[in-house]
Each structure stands twice: as C-alpha cells, then as structure tokens.
file my_file-v6.csv (CSV, C-alpha atoms and all ligand atoms)
chain,number,residue,atom,x,y,z
Q,191,MET,CA,-110.5,50.7,174.4
Q,192,GLU,CA,-110.8,47.5,176.5
Q,193,ARG,CA,-108.8,46.6,179.6
Q,194,THR,CA,-107.7,43.2,180.7
Q,195,LEU,CA,-105.8,41.5,183.5
Q,196,ILE,CA,-102.8,39.3,182.9
Q,197,ILE,CA,-100.9,37.4,185.6
Q,198,LEU,CA,-97.5,35.9,185.1
Q,199,LYS,CA,-97.8,32.8,187.2
Q,200,PRO,CA,-95.2,31.6,189.7
Q,201,ASP,CA,-93.6,29.3,187.1
Q,202,SER,CA,-92.8,32.2,184.8
Q,203,VAL,CA,-91.2,34.2,187.6
Q,204,GLN,CA,-89.2,31.2,188.8
Q,205,LYS,CA,-88.0,30.4,185.3
Q,206,ARG,CA,-86.9,34.1,184.8
Q,207,LEU,CA,-89.4,34.6,181.9
Q,208,ILE,CA,-90.9,37.9,183.2
Q,209,GLY,CA,-89.2,40.1,180.6
Q,210,ARG,CA,-89.8,37.8,177.6
Q,211,ILE,CA,-93.5,37.3,178.5
Q,212,ILE,CA,-94.2,41.0,179.0
Q,213,SER,CA,-92.6,41.7,175.7
Q,214,ARG,CA,-95.0,39.5,173.9
Q,215,PHE,CA,-97.9,41.7,175.0
Q,216,GLU,CA,-95.9,44.9,174.5
Q,217,ARG,CA,-94.7,44.2,171.0
Q,218,LYS,CA,-98.2,43.3,169.8
Q,219,GLY,CA,-99.2,46.9,170.6
Q,220,LEU,CA,-101.1,46.4,173.9
Q,221,LYS,CA,-100.5,49.2,176.4
Q,222,ILE,CA,-99.3,48.4,179.9
Q,223,ILE,CA,-101.3,50.6,182.3
Q,224,GLY,CA,-100.5,48.7,185.5
Q,225,LEU,CA,-97.6,46.4,186.6
Q,226,LYS,CA,-96.4,45.0,189.8
Q,227,MET,CA,-94.8,42.0,191.5
Q,228,MET,CA,-96.6,40.5,194.5
Q,229,LYS,CA,-97.4,37.3,196.3
Q,230,ALA,CA,-101.0,36.2,196.2
Q,231,ASP,CA,-102.4,35.0,199.6
Q,232,GLU,CA,-104.9,32.2,199.8
Q,233,ALA,CA,-107.9,34.5,200.1
Q,234,LEU,CA,-106.9,36.4,196.9
Q,235,ALA,CA,-106.2,33.1,195.0
Q,236,LYS,CA,-109.6,31.7,196.0
Q,237,ASN,CA,-111.3,34.8,194.9
Q,238,LEU,CA,-109.6,34.8,191.5
Q,239,TYR,CA,-110.4,31.2,190.9
Q,240,SER,CA,-113.8,31.0,192.6
Q,241,VAL,CA,-115.4,29.7,189.3
Q,242,HIS,CA,-113.2,26.6,189.6
Q,243,GLU,CA,-114.1,25.7,193.2
Q,244,GLY,CA,-115.0,22.0,193.5
Q,245,LYS,CA,-113.1,21.0,190.3
Q,246,PRO,CA,-110.5,18.2,190.7
Q,247,PHE,CA,-107.6,20.6,190.0
Q,248,TYR,CA,-108.8,23.4,192.3
Q,249,GLY,CA,-106.7,22.6,195.4
Q,250,LYS,CA,-103.5,22.3,193.4
Q,251,LEU,CA,-104.3,25.5,191.5
Q,252,ILE,CA,-104.6,27.5,194.7
Q,253,LYS,CA,-101.4,26.0,196.1
Q,254,PHE,CA,-99.6,26.8,192.9
Q,255,ILE,CA,-100.6,30.4,192.5
Q,256,THR,CA,-99.8,31.2,196.1
Q,257,SER,CA,-96.5,29.2,196.1
Q,258,ALA,CA,-94.2,32.0,194.9
Q,259,PRO,CA,-94.3,35.6,193.5
Q,260,ILE,CA,-96.4,36.5,190.6
Q,261,VAL,CA,-96.4,39.6,188.3
Q,262,VAL,CA,-99.7,41.2,187.6
Q,263,MET,CA,-100.3,43.4,184.6
Q,264,ALA,CA,-103.2,45.6,183.4
Q,265,LEU,CA,-103.3,46.0,179.6
Q,266,GLU,CA,-105.4,48.3,177.4
Q,267,GLY,CA,-106.2,48.2,173.7
Q,268,ILE,CA,-108.9,47.6,171.2
Q,269,LYS,CA,-110.1,44.0,171.8
Q,270,ALA,CA,-107.4,43.6,174.4
Q,271,ILE,CA,-109.2,40.7,176.1
Q,272,SER,CA,-109.4,38.4,173.1
Q,273,ILE,CA,-106.0,39.5,171.7
Q,274,ALA,CA,-104.3,38.7,174.9
Q,275,ARG,CA,-106.0,35.3,175.2
Q,276,ARG,CA,-104.9,34.4,171.7
Q,277,LEU,CA,-101.3,35.5,172.4
Q,278,MET,CA,-101.4,33.2,175.5
Q,279,GLY,CA,-102.6,30.1,173.6
Q,280,LYS,CA,-104.7,27.2,174.7
Q,281,THR,CA,-104.9,26.4,178.5
Q,282,PHE,CA,-102.7,23.3,178.5
Q,283,GLY,CA,-99.1,23.9,177.8
Q,284,SER,CA,-99.0,20.5,176.2
Q,285,GLU,CA,-101.6,21.6,173.6
Q,286,ALA,CA,-100.8,25.3,173.1
Q,287,GLU,CA,-99.6,26.2,169.6
Q,288,PRO,CA,-95.9,27.1,169.1
Q,289,GLY,CA,-95.7,30.9,168.8
Q,290,THR,CA,-98.1,31.5,171.7
Q,291,ILE,CA,-96.8,32.2,175.2
Q,292,ARG,CA,-98.0,28.9,176.6
Q,293,GLY,CA,-96.9,27.1,173.5
Q,294,ASP,CA,-93.4,28.5,173.8
Q,295,PHE,CA,-92.8,28.7,177.5
Q,296,ALA,CA,-94.9,26.0,179.1
Q,297,VAL,CA,-95.3,22.2,178.7
Q,298,SER,CA,-97.4,21.5,181.8
Q,299,ASN,CA,-101.2,21.6,181.9
Q,300,SER,CA,-101.3,23.3,185.3
Q,301,PHE,CA,-98.0,25.3,185.4
Q,302,ASN,CA,-99.0,27.2,182.2
Q,303,ALA,CA,-97.1,30.5,182.6
Q,304,VAL,CA,-100.0,33.0,182.4
Q,305,HIS,CA,-103.5,33.9,183.4
Q,306,GLY,CA,-105.7,36.2,181.3
Q,307,SER,CA,-109.2,37.4,181.9
Q,308,ASP,CA,-111.6,35.7,179.5
Q,309,SER,CA,-114.4,38.2,179.1
Q,310,PRO,CA,-115.5,41.8,180.0
Q,311,GLN,CA,-117.3,40.3,183.0
Q,312,SER,CA,-114.2,38.5,184.2
Q,313,VAL,CA,-112.2,41.7,183.8
Q,314,ALA,CA,-114.7,43.7,185.8
Q,315,ARG,CA,-114.4,41.1,188.6
Q,316,GLU,CA,-110.7,40.3,188.4
Q,317,LEU,CA,-108.9,43.6,187.7
Q,318,PRO,CA,-110.0,45.3,190.9
Q,319,LEU,CA,-108.8,42.3,192.9
Q,320,PHE,CA,-105.2,43.2,191.9
Q,321,PHE,CA,-105.2,47.0,191.1
Q,322,LYS,CA,-106.7,49.9,192.9
Q,323,PRO,CA,-108.0,52.6,190.5
Q,324,GLU,CA,-105.1,54.9,191.4
Q,325,GLU,CA,-102.6,52.2,190.4
Q,326,LEU,CA,-103.7,52.3,186.8
Q,327,VAL,CA,-101.8,54.8,184.8
Q,328,GLU,CA,-103.4,56.8,181.9
Q,329,TRP,CA,-100.8,57.7,179.3
Q,330,GLU,CA,-100.5,58.0,175.6
Q,331,PRO,CA,-97.7,56.0,173.8
Q,332,ALA,CA,-95.5,58.3,171.6
Q,333,ASP,CA,-96.0,55.9,168.7
Q,334,ILE,CA,-99.8,55.5,169.0
Q,335,LYS,CA,-100.4,57.0,165.5
Q,336,TRP,CA,-98.4,54.1,164.1
Q,337,VAL,CA,-99.9,51.4,166.3
Q,338,TYR,CA,-103.4,52.2,165.2
Q,339,ASP,CA,-104.7,53.6,161.9
Q,340,PHE,CA,-106.3,56.9,162.7
Q,341,SER,CA,-106.8,57.9,159.1
Q,342,GLY,CA,-110.6,57.5,159.4
Q,343,GLY,CA,-110.7,59.6,162.5
Q,344,THR,CA,-111.1,56.7,165.0
Q,345,PRO,CA,-108.4,54.1,165.7
Q,346,GLU,CA,-108.7,51.0,163.6
K,401,LIG,P1,-107.4,29.5,181.5
K,401,LIG,O1,-106.3,29.8,182.4
K,401,LIG,O2,-106.9,29.2,180.1
K,401,LIG,O3,-108.5,30.5,181.5
K,401,LIG,P2,-109.1,27.7,183.1
K,401,LIG,O4,-110.0,26.6,182.5
K,401,LIG,O5,-109.8,29.0,183.5
K,401,LIG,O6,-108.0,28.1,182.0
K,401,LIG,O7,-108.3,27.1,184.3
K,401,LIG,C1,-107.6,28.0,185.2
K,401,LIG,C2,-106.3,27.4,185.4
K,401,LIG,O8,-106.4,26.1,186.1
K,401,LIG,C3,-105.5,27.0,184.2
K,401,LIG,O9,-104.8,28.1,183.6
K,401,LIG,C4,-104.5,25.9,184.7
K,401,LIG,O10,-103.5,26.5,185.5
K,401,LIG,C5,-105.4,25.2,185.7
K,401,LIG,N1,-106.1,24.0,185.1
K,401,LIG,C6,-107.2,24.1,184.3
K,401,LIG,N2,-107.6,22.8,184.0
K,401,LIG,C7,-106.8,22.0,184.5
K,401,LIG,C8,-106.6,20.5,184.5
K,401,LIG,O11,-107.4,19.8,183.9
K,401,LIG,N3,-105.6,20.0,185.2
K,401,LIG,C9,-104.7,20.8,185.9
K,401,LIG,N4,-104.8,22.2,186.0
K,401,LIG,C10,-105.8,22.8,185.3
K,402,MG,MG,-109.9,31.0,183.0

call {"tool": "encode", "arguments": {"input": "my_file-v6.csv", "output": "structure tokens"}}
result
Amino acid sequence: MERTLIILKPDSVQKRLIGRIISRFERKGLKIIGLKMMKADEALAKNLYSVHEGKPFYGKLIKFITSAPIVVMALEGIKAISIARRLMGKTFGSEAEPGTIRGDFAVSNSFNAVHGSDSPQSVARELPLFFKPEELVEWEPADIKWVYDFSGGTPE
C-alpha cells in the first residue's frame, strides 16, 4: 500500500467544493487516513513548494496557498500516488480533461483546486510537513474485500 498527500487549495475551500472533491478520492476506493483544515503559513508554503523557487509563478503561488484555509488529506491505497494524480488531471485548469477534478472544478492555471504529491520521494518529504505520525489513522474499511480482489491471496 502506498500513501500520498492531497491538498484542497484555498480556491476549493472558498468555492465550497471540499465535500465534492473529497468524494472523488473516496469513491475511487482510496482510503482517507488523515484529514484536517488549516492555514498554511509562509514557511510551510515555501517548504512545500521549494522545488519551484525562482520560477516566474513562485511568488504568486506562495501568496495563493497562504491566502485562505486549505484542507490537507493523507490517502492510502495500491498505487495511490499515480491514481490520485490522474483523478486530479493536468496541472492547468484550462487544459485538464473533463471528468478530472481540475477539469471539472477549475479553469485557472494557478488556482487549480488541488495539490497532490507526484512521487514516493515527494510523499516522503511532503506528508510529514502536514501530518505527525500520530495524526495518521490505521483502520480497515468494512468493504475492503469488495474494493480489492483478494481471491489470489493478495489485494489486486
Ligand atoms: P502540479 O500541481 O500539477 O504538480 P507543478 O508544476 O508542481 O504542478 O506546479 C505547482 C503549482 O504551481 C500548480 O499546481 C499551480 O498552482 C502553480 N503553477 C504551475 N505552473 C504555473 C504557471 O505556469 N503559471 C501559474 N501557476 C503555475
Ligand atoms: Mg507538483
């Protein structure tokens, strides 16, 4: 099982999309193991987006992500990182396919509804910025035997 970090960005919270966006991940079968609302301060934002320092959009991005509350979520599942990224759609709201979160809920290239870690290395760096180990909840969904095929012994 893989873990990933998802952030519902300030535009999602302001547009009252929290419930609808969380359900996209839930209904796919990804398990929520951490969830909270918070405001990111500048230090946290700069840490999250350190790879983008120096790029033309960096300043605006830091301002945006710290401008209003966000909802942060830790998800778990087989291939959770790539599945979540595909549910999100392409980076720019203007280019994201209909049916994806960004395709359905964002039209802007910067105010694009969600952040999702893009690799195991990013998860290892980003998840601990937002969740302490004790904030992540281990639990077994009641329907897990219908979410994955266990007929071969291991989930598929
Ligand atoms: P990602 O969120 O799909 O991983 P990144 O390239 O990592 O995309 O960029 C991080 C965030 O920075 C984007 O989600 C978006 O909010 C913003 N961003 C990226 N590229 C641009 C741009 O060219 N103009 C404005 N904002 C951008
Ligand atoms: Mg990225």

call {"tool": "residues_near_ligand", "arguments": {"input": "my_file-v6.csv", "ligand": "ligand LIG 401 (chain K)", "cutoff": "7 Å", "atoms": "all atoms listed in the file", "output": "PyMOL selection string"}}
result
chain Q and resi 247+251+280-282+299-302+304-308

call {"tool": "residues_around", "arguments": {"input": "my_file-v6.csv", "residues": "Met228 in chain Q", "least_positions_apart": "2", "cutoff": "10 Å", "atoms": "only C-alpha atoms", "output": "PyMOL selection string"}}
result
chain Q and resi 225-226+230-231+256+258-262+320

call {"tool": "write_last_selection", "arguments": {"input": "my_file-v6.csv", "atoms": "C-alpha atoms", "output": "mmCIF file, in the frame of the given file"}}
result
data_model
loop_
_atom_site.group_PDB
_atom_site.id
_atom_site.type_symbol
_atom_site.label_atom_id
_atom_site.label_comp_id
_atom_site.auth_asym_id
_atom_site.auth_seq_id
_atom_site.Cartn_x
_atom_site.Cartn_y
_atom_site.Cartn_z
ATOM 1 C CA LEU Q 225 -97.600 46.400 186.600
ATOM 2 C CA LYS Q 226 -96.400 45.000 189.800
ATOM 3 C CA ALA Q 230 -101.000 36.200 196.200
ATOM 4 C CA ASP Q 231 -102.400 35.000 199.600
ATOM 5 C CA THR Q 256 -99.800 31.200 196.100
ATOM 6 C CA ALA Q 258 -94.200 32.000 194.900
ATOM 7 C CA PRO Q 259 -94.300 35.600 193.500
ATOM 8 C CA ILE Q 260 -96.400 36.500 190.600
ATOM 9 C CA VAL Q 261 -96.400 39.600 188.300
ATOM 10 C CA VAL Q 262 -99.700 41.200 187.600
ATOM 11 C CA PHE Q 320 -105.200 43.200 191.900
#

call {"tool": "atom_distance", "arguments": {"input": "my_file-v6.csv", "atom1": "CA of Leu317 in chain Q", "atom2": "CA of Leu195 in chain Q"}}
result
5.6 Å

call {"tool": "closest_residue", "arguments": {"input": "my_file-v6.csv", "among": "Q:Arg292, Q:Val241, Q:Val337, Q:Met278", "to": "ligand MG 402 (chain K)", "atoms": "only C-alpha atoms and all ligand atoms"}}
result
Q:Val241

call {"tool": "closest_residue", "arguments": {"input": "my_file-v6.csv", "among": "Q:Val313, Q:Ile252, Q:Ile271, Q:Ile222", "to": "Pro331 in chain Q", "atoms": "only C-alpha atoms"}}
result
Q:Ile222

call {"tool": "residues_around", "arguments": {"input": "my_file-v6.csv", "residues": "Ile208 in chain Q", "least_positions_apart": "3", "cutoff": "10 Å", "atoms": "all atoms listed in the file", "output": "JSON, numbers by chain"}}
result
{"Q": [198, 199, 201, 202, 203, 204, 205, 211, 212, 213, 260, 261, 303]}

call {"tool": "closest_residue", "arguments": {"input": "my_file-v6.csv", "among": "Q:Arg193, Q:Tyr239, Q:Asp294, Q:Glu287", "to": "Lys269 in chain Q", "atoms": "all atoms listed in the file"}}
result
Q:Arg193

call {"tool": "residues_around", "arguments": {"input": "my_file-v6.csv", "residues": "Thr290 in chain Q", "least_positions_apart": "5", "cutoff": "10 Å", "atoms": "all atoms listed in the file", "output": "list in words"}}
result
Arg214, Arg275, Arg276, Leu277, Met278, Gly279, Lys280, Gly283, Phe295 and Ala296 of chain Q

call {"tool": "closest_residue", "arguments": {"input": "my_file-v6.csv", "among": "Q:Gly249, Q:Glu285, Q:Thr194, Q:Thr344", "to": "Ser312 in chain Q", "atoms": "only C-alpha atoms"}}
result
Q:Thr194

call {"tool": "closest_residue", "arguments": {"input": "my_file-v6.csv", "among": "Q:Leu238, Q:Met263, Q:Ile291, Q:Leu326", "to": "ligand MG 402 (chain K)", "atoms": "all atoms listed in the file"}}
result
Q:Leu238

call {"tool": "atom_distance", "arguments": {"input": "my_file-v6.csv", "atom1": "CA of Gly293 in chain Q", "atom2": "CA of Leu207 in chain Q"}}
result
13.5 Å

call {"tool": "residues_around", "arguments": {"input": "my_file-v6.csv", "residues": "Met191 in chain Q", "least_positions_apart": "5", "cutoff": "8 Å", "atoms": "all atoms listed in the file", "output": "list in words"}}
result
Glu266, Gly267, Ile268, Lys269 and Ala270 of chain Q

call {"tool": "axis_aligned_box", "arguments": {"input": "my_file-v6.csv", "around": "range 320-328 of chain Q", "padding_each_side": "4 Å", "output": "lines of an AutoDock Vina configuration file"}}
result
center_x = -104.9
center_y = 50.0
center_z = 187.4
size_x = 14.2
size_y = 21.6
size_z = 19.0
